[in-house]
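Undergrad: Contents of target-v2.pdb (PDB, C-alpha atoms, pLDDT in the B column):
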```pdb
ATOM      1  CA  MET A   1       0.000   0.000   0.000  1.00 71.00           C
ATOM      2  CA  ALA A   2       1.231   3.520  -0.849  1.00 76.00           C
ATOM      3  CA  LYS A   3       2.521   5.739   1.920  1.00 80.00           C
ATOM      4  CA  PRO A   4       0.549   8.937   2.499  1.00 84.00           C
ATOM      5  CA  LEU A   5       2.268  12.032   1.135  1.00 82.00           C
ATOM      6  CA  GLN A   6       3.561  14.397   3.798  1.00 80.00           C
ATOM      7  CA  VAL A   7       3.720  18.041   2.653  1.00 86.00           C
ATOM      8  CA  ASP A   8       4.898  20.501   5.303  1.00 88.00           C
ATOM      9  CA  GLU A   9       5.237  24.300   5.205  1.00 92.00           C
ATOM     10  CA  VAL A  10       8.779  24.035   3.795  1.00 92.00           C
ATOM     11  CA  TRP A  11       7.570  22.114   0.725  1.00 92.00           C
ATOM     12  CA  LEU A  12       4.568  24.406   0.285  1.00 93.00           C
ATOM     13  CA  GLY A  13       6.969  27.357   0.274  1.00 95.00           C
ATOM     14  CA  ARG A  14       9.218  25.691  -2.300  1.00 94.00           C
ATOM     15  CA  ILE A  15       6.231  24.913  -4.532  1.00 94.00           C
ATOM     16  CA  ALA A  16       4.925  28.485  -4.234  1.00 95.00           C
ATOM     17  CA  GLU A  17       8.397  29.864  -5.061  1.00 94.00           C
ATOM     18  CA  LEU A  18       8.600  27.817  -8.261  1.00 94.00           C
ATOM     19  CA  LEU A  19       5.087  28.835  -9.328  1.00 94.00           C
ATOM     20  CA  ASN A  20       5.630  32.518  -8.549  1.00 93.00           C
ATOM     21  CA  ASN A  21       5.689  34.784 -11.644  1.00 88.00           C
ATOM     22  CA  MET A  22       5.051  31.877 -14.036  1.00 91.00           C
ATOM     23  CA  GLU A  23       2.680  32.938 -16.840  1.00 89.00           C
ATOM     24  CA  PHE A  24       2.761  29.828 -19.031  1.00 92.00           C
ATOM     25  CA  GLY A  25       4.292  26.538 -18.017  1.00 95.00           C
ATOM     26  CA  SER A  26       4.120  23.553 -15.730  1.00 96.00           C
ATOM     27  CA  LEU A  27       5.524  22.274 -12.468  1.00 97.00           C
ATOM     28  CA  GLN A  28       6.147  18.543 -12.200  1.00 97.00           C
ATOM     29  CA  ILE A  29       6.480  17.094  -8.705  1.00 95.00           C
ATOM     30  CA  VAL A  30       8.163  13.697  -8.372  1.00 95.00           C
ATOM     31  CA  VAL A  31       7.200  11.586  -5.361  1.00 92.00           C
ATOM     32  CA  HIS A  32       9.134   8.513  -4.189  1.00 90.00           C
ATOM     33  CA  GLU A  33       7.852   6.361  -1.318  1.00 88.00           C
ATOM     34  CA  GLY A  34       5.490   9.079  -0.105  1.00 87.00           C
ATOM     35  CA  GLN A  35       8.053  11.920  -0.146  1.00 90.00           C
ATOM     36  CA  ILE A  36       8.698  14.689  -2.643  1.00 92.00           C
ATOM     37  CA  VAL A  37      12.156  14.081  -4.082  1.00 93.00           C
ATOM     38  CA  GLN A  38      12.276  16.348  -7.121  1.00 95.00           C
ATOM     39  CA  MET A  39      10.488  19.258  -8.800  1.00 96.00           C
ATOM     40  CA  GLU A  40      10.896  20.314 -12.435  1.00 96.00           C
ATOM     41  CA  ARG A  41       9.731  23.682 -13.731  1.00 96.00           C
ATOM     42  CA  THR A  42       9.101  24.169 -17.440  1.00 95.00           C
ATOM     43  CA  GLU A  43       8.276  27.715 -18.472  1.00 92.00           C
ATOM     44  CA  ARG A  44       7.085  28.959 -21.835  1.00 90.00           C
ATOM     45  CA  LYS A  45       7.637  32.470 -23.150  1.00 87.00           C
ATOM     46  CA  ARG A  46       5.216  33.810 -25.743  1.00 83.00           C
ATOM     47  CA  PHE A  47       6.070  36.644 -28.096  1.00 83.00           C
ATOM     48  CA  GLU A  48       4.079  38.741 -30.549  1.00 83.00           C
ATOM     49  CA  ASN A  49       4.775  38.037 -34.221  1.00 85.00           C
ATOM     50  CA  LYS A  50       4.901  41.703 -35.248  1.00 79.00           C
ATOM     51  CA  PRO A  51       7.888  43.943 -34.469  1.00 71.00           C
ATOM     52  CA  LEU A  52       7.376  46.623 -31.832  1.00 66.00           C
ATOM     53  CA  GLY A  53       7.383  50.311 -32.697  1.00 66.00           C
ATOM     54  CA  ILE A  54       6.096  49.993 -36.271  1.00 61.00           C
ATOM     55  CA  ALA A  55       2.715  51.496 -37.072  1.00 57.00           C
ATOM     56  CA  LYS A  56       0.197  49.200 -38.743  1.00 57.00           C
ATOM     57  CA  SER A  57      -1.170  51.792 -41.174  1.00 53.00           C
ATOM     58  CA  SER A  58       2.179  52.972 -42.485  1.00 51.00           C
ATOM     59  CA  SER A  59       2.370  52.510 -46.263  1.00 55.00           C
ATOM     60  CA  ALA A  60       5.900  53.865 -46.592  1.00 56.00           C
ATOM     61  CA  PRO A  61       8.546  51.209 -47.220  1.00 56.00           C
ATOM     62  CA  ARG A  62      10.728  50.352 -44.272  1.00 56.00           C
ATOM     63  CA  PRO A  63      14.485  50.836 -44.562  1.00 57.00           C
ATOM     64  CA  GLY A  64      16.187  47.694 -45.794  1.00 58.00           C
ATOM     65  CA  THR A  65      13.101  46.258 -47.480  1.00 53.00           C
ATOM     66  CA  ARG A  66      13.016  45.415 -51.173  1.00 56.00           C
ATOM     67  CA  HIS A  67       9.974  45.482 -53.385  1.00 50.00           C
ATOM     68  CA  LEU A  68       9.327  42.838 -55.992  1.00 56.00           C
ATOM     69  CA  ARG A  69       8.497  44.278 -59.393  1.00 52.00           C
ATOM     70  CA  GLU A  70       6.299  42.565 -61.893  1.00 50.00           C
ATOM     71  CA  SER A  71       8.315  41.392 -64.829  1.00 48.00           C
ATOM     72  CA  SER A  72       6.894  42.180 -68.259  1.00 51.00           C
ATOM     73  CA  SER A  73       6.988  39.352 -70.744  1.00 51.00           C
ATOM     74  CA  HIS A  74       8.070  40.153 -74.336  1.00 52.00           C
TER
END
```
Could you render the structure from this file as structure tokens?
TA:
Amino acid sequence: MAKPLQVDEVWLGRIAELLNNMEFGSLQIVVHEGQIVQMERTERKRFENKPLGIAKSSSAPRPGTRHLRESSSH
């Protein structure tokens, strides 16, 4: 029969510390013979696809960009 898991204030503090400030991710807790033996934190960072500081409605070409021209066939 499995031993009951004992979680004291020290472990609750450790768990809270690992979860603090996590926006996206997971916390895996490994238990061996009724005791926590390991914790693994996996955190994901999400970023916007568009560059910051560039207006959406700007029709002027950005520096360093090239325009493709239609080729005329003869």
Undergrad: Go through A:Phe47, A:Lys3, A:Asn21, A:Arg14 and flag the residue nearest Glu33 in chain A, using all atoms listed in the file for the distances.
TA: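 Among the listed residues, A:Lys3 lies closest to Glu33 in chain A.
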Undergrad: Skipping near chain neighbours, those fewer than 2 positions away, what residues fall within 8 Å of Glu23 in chain A using only C-alpha atoms, listed as a ChimeraX atom specification?
TA: /A:21,25,43-44
Undergrad: From the set A:Leu18, A:Glu48, A:Val10, A:Ala2, which residue has the shortest atom-to-atom contact distance to Val31 in chain A, counting only C-alpha atoms?
TA: A:Ala2
Undergrad: Put a box with edges along x, y and z around all the listed atoms of range 25-32 of chain A, pad it by 3 Å on each side, then give me its centre and sizes in Å, one decimal, as AutoDock Vina command-line options.
TA:
```
--center_x 6.6 --center_y 17.5 --center_z -11.1 --size_x 11.0 --size_y 24.0 --size_z 19.8
```
Undergrad: At what distance in Å, to one decimal, does CA of Thr42 in chain A lie from CA of Ser26 in chain A?
TA: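 Computing it gives 5.3 Å between the two atoms.
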